[in-house]
Amino acid sequence: MKEKGVSTYALKHKLKIGGGTYNRLKEGSPVSTNTIGLLCDFLDCEVQDVICRVKENENMEPQ
């Protein structure tokens, strides 16, 4: 958002993202793929620009 010069206000109001969804984005908590798509469209970026995969448990065995 900083790189694109987008404020929190613009994100919440132009995308109609609620406070709960915004807080989840800010905290790195799970959000829907729809929200990620809206965010990428609004910021004119790719998915990998806004998310990354974080392994929660390095000791997990593959299934």
# chains A, B, ... in the order shown; residues from 1 in each chain; ligands from 1

$ residues_around --residues "A:Val47" --least-positions-apart "3" --cutoff "12 Å" --atoms "only C-alpha atoms" --output "PyMOL selection string"
chain A and resi 33-44+50-53

$ select_by_dssp --residues "chain A" --states "alpha helix (DSSP H)" --output "number ranges by chain"
A: 8-14, 19-27, 33-43, 47-50

$ write_last_selection --atoms "N, CA and C atoms" --output "mmCIF file, in the first residue's frame"
data_model
loop_
_atom_site.group_PDB
_atom_site.id
_atom_site.type_symbol
_atom_site.label_atom_id
_atom_site.label_comp_id
_atom_site.auth_asym_id
_atom_site.auth_seq_id
_atom_site.Cartn_x
_atom_site.Cartn_y
_atom_site.Cartn_z
ATOM 1 N N THR A 8 -5.300 3.632 4.140
ATOM 2 C CA THR A 8 -6.237 2.701 4.752
ATOM 3 C C THR A 8 -7.662 3.109 4.431
ATOM 4 N N TYR A 9 -7.929 4.392 4.485
ATOM 5 C CA TYR A 9 -9.267 4.916 4.189
ATOM 6 C C TYR A 9 -9.691 4.521 2.775
ATOM 7 N N ALA A 10 -8.818 4.736 1.807
ATOM 8 C CA ALA A 10 -9.142 4.413 0.417
ATOM 9 C C ALA A 10 -9.409 2.920 0.262
ATOM 10 N N LEU A 11 -8.584 2.110 0.890
ATOM 11 C CA LEU A 11 -8.753 0.670 0.798
ATOM 12 C C LEU A 11 -10.095 0.247 1.369
ATOM 13 N N LYS A 12 -10.417 0.717 2.550
ATOM 14 C CA LYS A 12 -11.669 0.328 3.202
ATOM 15 C C LYS A 12 -12.892 0.824 2.444
ATOM 16 N N HIS A 13 -12.857 2.059 1.980
ATOM 17 C CA HIS A 13 -14.047 2.647 1.381
ATOM 18 C C HIS A 13 -14.219 2.354 -0.112
ATOM 19 N N LYS A 14 -13.166 2.375 -0.868
ATOM 20 C CA LYS A 14 -13.292 2.102 -2.302
ATOM 21 C C LYS A 14 -13.527 0.625 -2.584
ATOM 22 N N GLY A 19 -13.925 -3.590 8.568
ATOM 23 C CA GLY A 19 -12.859 -3.460 9.559
ATOM 24 C C GLY A 19 -12.238 -4.792 9.937
ATOM 25 N N GLY A 20 -13.076 -5.826 10.062
ATOM 26 C CA GLY A 20 -12.558 -7.154 10.403
ATOM 27 C C GLY A 20 -11.633 -7.697 9.337
ATOM 28 N N THR A 21 -12.028 -7.548 8.088
ATOM 29 C CA THR A 21 -11.193 -8.020 6.979
ATOM 30 C C THR A 21 -9.901 -7.220 6.919
ATOM 31 N N TYR A 22 -9.999 -5.917 7.096
ATOM 32 C CA TYR A 22 -8.792 -5.089 7.092
ATOM 33 C C TYR A 22 -7.840 -5.521 8.206
ATOM 34 N N ASN A 23 -8.376 -5.772 9.391
ATOM 35 C CA ASN A 23 -7.533 -6.204 10.511
ATOM 36 C C ASN A 23 -6.869 -7.542 10.211
ATOM 37 N N ARG A 24 -7.600 -8.474 9.572
ATOM 38 C CA ARG A 24 -6.999 -9.762 9.211
ATOM 39 C C ARG A 24 -5.860 -9.560 8.205
ATOM 40 N N LEU A 25 -6.057 -8.673 7.240
ATOM 41 C CA LEU A 25 -4.988 -8.378 6.283
ATOM 42 C C LEU A 25 -3.769 -7.809 6.997
ATOM 43 N N LYS A 26 -4.012 -6.877 7.884
ATOM 44 C CA LYS A 26 -2.932 -6.201 8.599
ATOM 45 C C LYS A 26 -2.163 -7.161 9.504
ATOM 46 N N GLU A 27 -2.885 -8.111 10.125
ATOM 47 C CA GLU A 27 -2.272 -9.049 11.054
ATOM 48 C C GLU A 27 -1.679 -10.270 10.356
ATOM 49 N N THR A 33 -9.955 -15.742 -0.908
ATOM 50 C CA THR A 33 -9.308 -15.497 -2.203
ATOM 51 C C THR A 33 -9.995 -14.339 -2.924
ATOM 52 N N ASN A 34 -11.276 -14.140 -2.673
ATOM 53 C CA ASN A 34 -11.980 -13.008 -3.254
ATOM 54 C C ASN A 34 -11.363 -11.693 -2.770
ATOM 55 N N THR A 35 -11.084 -11.607 -1.471
ATOM 56 C CA THR A 35 -10.465 -10.404 -0.912
ATOM 57 C C THR A 35 -9.091 -10.179 -1.522
ATOM 58 N N ILE A 36 -8.319 -11.241 -1.684
ATOM 59 C CA ILE A 36 -6.989 -11.125 -2.283
ATOM 60 C C ILE A 36 -7.107 -10.625 -3.721
ATOM 61 N N GLY A 37 -8.075 -11.147 -4.457
ATOM 62 C CA GLY A 37 -8.294 -10.695 -5.832
ATOM 63 C C GLY A 37 -8.672 -9.224 -5.897
ATOM 64 N N LEU A 38 -9.571 -8.798 -5.027
ATOM 65 C CA LEU A 38 -9.970 -7.385 -4.982
ATOM 66 C C LEU A 38 -8.774 -6.494 -4.666
ATOM 67 N N LEU A 39 -7.977 -6.922 -3.714
ATOM 68 C CA LEU A 39 -6.802 -6.152 -3.320
ATOM 69 C C LEU A 39 -5.808 -6.039 -4.475
ATOM 70 N N CYS A 40 -5.569 -7.134 -5.170
ATOM 71 C CA CYS A 40 -4.643 -7.109 -6.314
ATOM 72 C C CYS A 40 -5.159 -6.219 -7.442
ATOM 73 N N ASP A 41 -6.461 -6.287 -7.704
ATOM 74 C CA ASP A 41 -7.038 -5.421 -8.734
ATOM 75 C C ASP A 41 -6.893 -3.951 -8.346
ATOM 76 N N PHE A 42 -7.189 -3.652 -7.100
ATOM 77 C CA PHE A 42 -7.132 -2.269 -6.621
ATOM 78 C C PHE A 42 -5.711 -1.722 -6.655
ATOM 79 N N LEU A 43 -4.747 -2.544 -6.243
ATOM 80 C CA LEU A 43 -3.350 -2.103 -6.197
ATOM 81 C C LEU A 43 -2.609 -2.322 -7.509
ATOM 82 N N VAL A 47 -0.709 -11.541 -7.221
ATOM 83 C CA VAL A 47 -0.957 -12.196 -5.936
ATOM 84 C C VAL A 47 0.329 -12.306 -5.116
ATOM 85 N N GLN A 48 1.404 -12.719 -5.729
ATOM 86 C CA GLN A 48 2.661 -12.894 -5.005
ATOM 87 C C GLN A 48 3.213 -11.584 -4.447
ATOM 88 N N ASP A 49 2.681 -10.447 -4.895
ATOM 89 C CA ASP A 49 3.098 -9.158 -4.349
ATOM 90 C C ASP A 49 2.440 -8.866 -3.001
ATOM 91 N N VAL A 50 1.345 -9.563 -2.704
ATOM 92 C CA VAL A 50 0.619 -9.257 -1.463
ATOM 93 C C VAL A 50 0.561 -10.416 -0.476
#

$ atom_distance --atom1 "atom CA of A:Gly28" --atom2 "atom CA of A:Glu46"
17.2 Å

$ atom_distance --atom1 "atom CA of A:Val6" --atom2 "atom CA of A:Lys55"
29.1 Å

$ decode --residues "stretch 11-45 of chain A" --atoms "N, CA and C atoms" --output "PDB file, in the first residue's frame"
ATOM      1  N   LEU A  11      -8.584   2.110   0.890  1.00  0.00           N
ATOM      2  CA  LEU A  11      -8.753   0.670   0.798  1.00  0.00           C
ATOM      3  C   LEU A  11     -10.095   0.247   1.369  1.00  0.00           C
ATOM      4  N   LYS A  12     -10.417   0.717   2.550  1.00  0.00           N
ATOM      5  CA  LYS A  12     -11.669   0.328   3.202  1.00  0.00           C
ATOM      6  C   LYS A  12     -12.892   0.824   2.444  1.00  0.00           C
ATOM      7  N   HIS A  13     -12.857   2.059   1.980  1.00  0.00           N
ATOM      8  CA  HIS A  13     -14.047   2.647   1.381  1.00  0.00           C
ATOM      9  C   HIS A  13     -14.219   2.354  -0.112  1.00  0.00           C
ATOM     10  N   LYS A  14     -13.166   2.375  -0.868  1.00  0.00           N
ATOM     11  CA  LYS A  14     -13.292   2.102  -2.302  1.00  0.00           C
ATOM     12  C   LYS A  14     -13.527   0.625  -2.584  1.00  0.00           C
ATOM     13  N   LEU A  15     -12.926  -0.246  -1.779  1.00  0.00           N
ATOM     14  CA  LEU A  15     -13.129  -1.679  -1.961  1.00  0.00           C
ATOM     15  C   LEU A  15     -14.270  -2.207  -1.103  1.00  0.00           C
ATOM     16  N   LYS A  16     -14.749  -1.354  -0.210  1.00  0.00           N
ATOM     17  CA  LYS A  16     -15.810  -1.748   0.725  1.00  0.00           C
ATOM     18  C   LYS A  16     -15.373  -2.955   1.559  1.00  0.00           C
ATOM     19  N   ILE A  17     -14.126  -2.889   2.025  1.00  0.00           N
ATOM     20  CA  ILE A  17     -13.593  -3.919   2.915  1.00  0.00           C
ATOM     21  C   ILE A  17     -13.930  -3.512   4.337  1.00  0.00           C
ATOM     22  N   GLY A  18     -14.513  -4.419   5.073  1.00  0.00           N
ATOM     23  CA  GLY A  18     -14.893  -4.151   6.449  1.00  0.00           C
ATOM     24  C   GLY A  18     -13.688  -4.092   7.377  1.00  0.00           C
ATOM     25  N   GLY A  19     -13.925  -3.590   8.568  1.00  0.00           N
ATOM     26  CA  GLY A  19     -12.859  -3.460   9.559  1.00  0.00           C
ATOM     27  C   GLY A  19     -12.238  -4.792   9.937  1.00  0.00           C
ATOM     28  N   GLY A  20     -13.076  -5.826  10.062  1.00  0.00           N
ATOM     29  CA  GLY A  20     -12.558  -7.154  10.403  1.00  0.00           C
ATOM     30  C   GLY A  20     -11.633  -7.697   9.337  1.00  0.00           C
ATOM     31  N   THR A  21     -12.028  -7.548   8.088  1.00  0.00           N
ATOM     32  CA  THR A  21     -11.193  -8.020   6.979  1.00  0.00           C
ATOM     33  C   THR A  21      -9.901  -7.220   6.919  1.00  0.00           C
ATOM     34  N   TYR A  22      -9.999  -5.917   7.096  1.00  0.00           N
ATOM     35  CA  TYR A  22      -8.792  -5.089   7.092  1.00  0.00           C
ATOM     36  C   TYR A  22      -7.840  -5.521   8.206  1.00  0.00           C
ATOM     37  N   ASN A  23      -8.376  -5.772   9.391  1.00  0.00           N
ATOM     38  CA  ASN A  23      -7.533  -6.204  10.511  1.00  0.00           C
ATOM     39  C   ASN A  23      -6.869  -7.542  10.211  1.00  0.00           C
ATOM     40  N   ARG A  24      -7.600  -8.474   9.572  1.00  0.00           N
ATOM     41  CA  ARG A  24      -6.999  -9.762   9.211  1.00  0.00           C
ATOM     42  C   ARG A  24      -5.860  -9.560   8.205  1.00  0.00           C
ATOM     43  N   LEU A  25      -6.057  -8.673   7.240  1.00  0.00           N
ATOM     44  CA  LEU A  25      -4.988  -8.378   6.283  1.00  0.00           C
ATOM     45  C   LEU A  25      -3.769  -7.809   6.997  1.00  0.00           C
ATOM     46  N   LYS A  26      -4.012  -6.877   7.884  1.00  0.00           N
ATOM     47  CA  LYS A  26      -2.932  -6.201   8.599  1.00  0.00           C
ATOM     48  C   LYS A  26      -2.163  -7.161   9.504  1.00  0.00           C
ATOM     49  N   GLU A  27      -2.885  -8.111  10.125  1.00  0.00           N
ATOM     50  CA  GLU A  27      -2.272  -9.049  11.054  1.00  0.00           C
ATOM     51  C   GLU A  27      -1.679 -10.270  10.356  1.00  0.00           C
ATOM     52  N   GLY A  28      -1.960 -10.431   9.083  1.00  0.00           N
ATOM     53  CA  GLY A  28      -1.475 -11.599   8.362  1.00  0.00           C
ATOM     54  C   GLY A  28      -2.318 -12.831   8.616  1.00  0.00           C
ATOM     55  N   SER A  29      -3.551 -12.630   9.045  1.00  0.00           N
ATOM     56  CA  SER A  29      -4.473 -13.738   9.282  1.00  0.00           C
ATOM     57  C   SER A  29      -5.136 -14.136   7.968  1.00  0.00           C
ATOM     58  N   PRO A  30      -5.763 -15.310   7.928  1.00  0.00           N
ATOM     59  CA  PRO A  30      -6.398 -15.768   6.685  1.00  0.00           C
ATOM     60  C   PRO A  30      -7.505 -14.830   6.191  1.00  0.00           C
ATOM     61  N   VAL A  31      -7.533 -14.636   4.883  1.00  0.00           N
ATOM     62  CA  VAL A  31      -8.608 -13.896   4.212  1.00  0.00           C
ATOM     63  C   VAL A  31      -9.028 -14.707   2.994  1.00  0.00           C
ATOM     64  N   SER A  32     -10.172 -14.384   2.453  1.00  0.00           N
ATOM     65  CA  SER A  32     -10.679 -15.137   1.298  1.00  0.00           C
ATOM     66  C   SER A  32      -9.883 -14.816   0.036  1.00  0.00           C
ATOM     67  N   THR A  33      -9.955 -15.742  -0.908  1.00  0.00           N
ATOM     68  CA  THR A  33      -9.308 -15.497  -2.203  1.00  0.00           C
ATOM     69  C   THR A  33      -9.995 -14.339  -2.924  1.00  0.00           C
ATOM     70  N   ASN A  34     -11.276 -14.140  -2.673  1.00  0.00           N
ATOM     71  CA  ASN A  34     -11.980 -13.008  -3.254  1.00  0.00           C
ATOM     72  C   ASN A  34     -11.363 -11.693  -2.770  1.00  0.00           C
ATOM     73  N   THR A  35     -11.084 -11.607  -1.471  1.00  0.00           N
ATOM     74  CA  THR A  35     -10.465 -10.404  -0.912  1.00  0.00           C
ATOM     75  C   THR A  35      -9.091 -10.179  -1.522  1.00  0.00           C
ATOM     76  N   ILE A  36      -8.319 -11.241  -1.684  1.00  0.00           N
ATOM     77  CA  ILE A  36      -6.989 -11.125  -2.283  1.00  0.00           C
ATOM     78  C   ILE A  36      -7.107 -10.625  -3.721  1.00  0.00           C
ATOM     79  N   GLY A  37      -8.075 -11.147  -4.457  1.00  0.00           N
ATOM     80  CA  GLY A  37      -8.294 -10.695  -5.832  1.00  0.00           C
ATOM     81  C   GLY A  37      -8.672  -9.224  -5.897  1.00  0.00           C
ATOM     82  N   LEU A  38      -9.571  -8.798  -5.027  1.00  0.00           N
ATOM     83  CA  LEU A  38      -9.970  -7.385  -4.982  1.00  0.00           C
ATOM     84  C   LEU A  38      -8.774  -6.494  -4.666  1.00  0.00           C
ATOM     85  N   LEU A  39      -7.977  -6.922  -3.714  1.00  0.00           N
ATOM     86  CA  LEU A  39      -6.802  -6.152  -3.320  1.00  0.00           C
ATOM     87  C   LEU A  39      -5.808  -6.039  -4.475  1.00  0.00           C
ATOM     88  N   CYS A  40      -5.569  -7.134  -5.170  1.00  0.00           N
ATOM     89  CA  CYS A  40      -4.643  -7.109  -6.314  1.00  0.00           C
ATOM     90  C   CYS A  40      -5.159  -6.219  -7.442  1.00  0.00           C
ATOM     91  N   ASP A  41      -6.461  -6.287  -7.704  1.00  0.00           N
ATOM     92  CA  ASP A  41      -7.038  -5.421  -8.734  1.00  0.00           C
ATOM     93  C   ASP A  41      -6.893  -3.951  -8.346  1.00  0.00           C
ATOM     94  N   PHE A  42      -7.189  -3.652  -7.100  1.00  0.00           N
ATOM     95  CA  PHE A  42      -7.132  -2.269  -6.621  1.00  0.00           C
ATOM     96  C   PHE A  42      -5.711  -1.722  -6.655  1.00  0.00           C
ATOM     97  N   LEU A  43      -4.747  -2.544  -6.243  1.00  0.00           N
ATOM     98  CA  LEU A  43      -3.350  -2.103  -6.197  1.00  0.00           C
ATOM     99  C   LEU A  43      -2.609  -2.322  -7.509  1.00  0.00           C
ATOM    100  N   ASP A  44      -3.283  -2.947  -8.495  1.00  0.00           N
ATOM    101  CA  ASP A  44      -2.682  -3.255  -9.788  1.00  0.00           C
ATOM    102  C   ASP A  44      -1.382  -4.033  -9.608  1.00  0.00           C
ATOM    103  N   CYS A  45      -1.519  -5.178  -8.921  1.00  0.00           N
ATOM    104  CA  CYS A  45      -0.350  -6.004  -8.657  1.00  0.00           C
ATOM    105  C   CYS A  45      -0.723  -7.474  -8.785  1.00  0.00           C
TER     106      CYS A  45
END
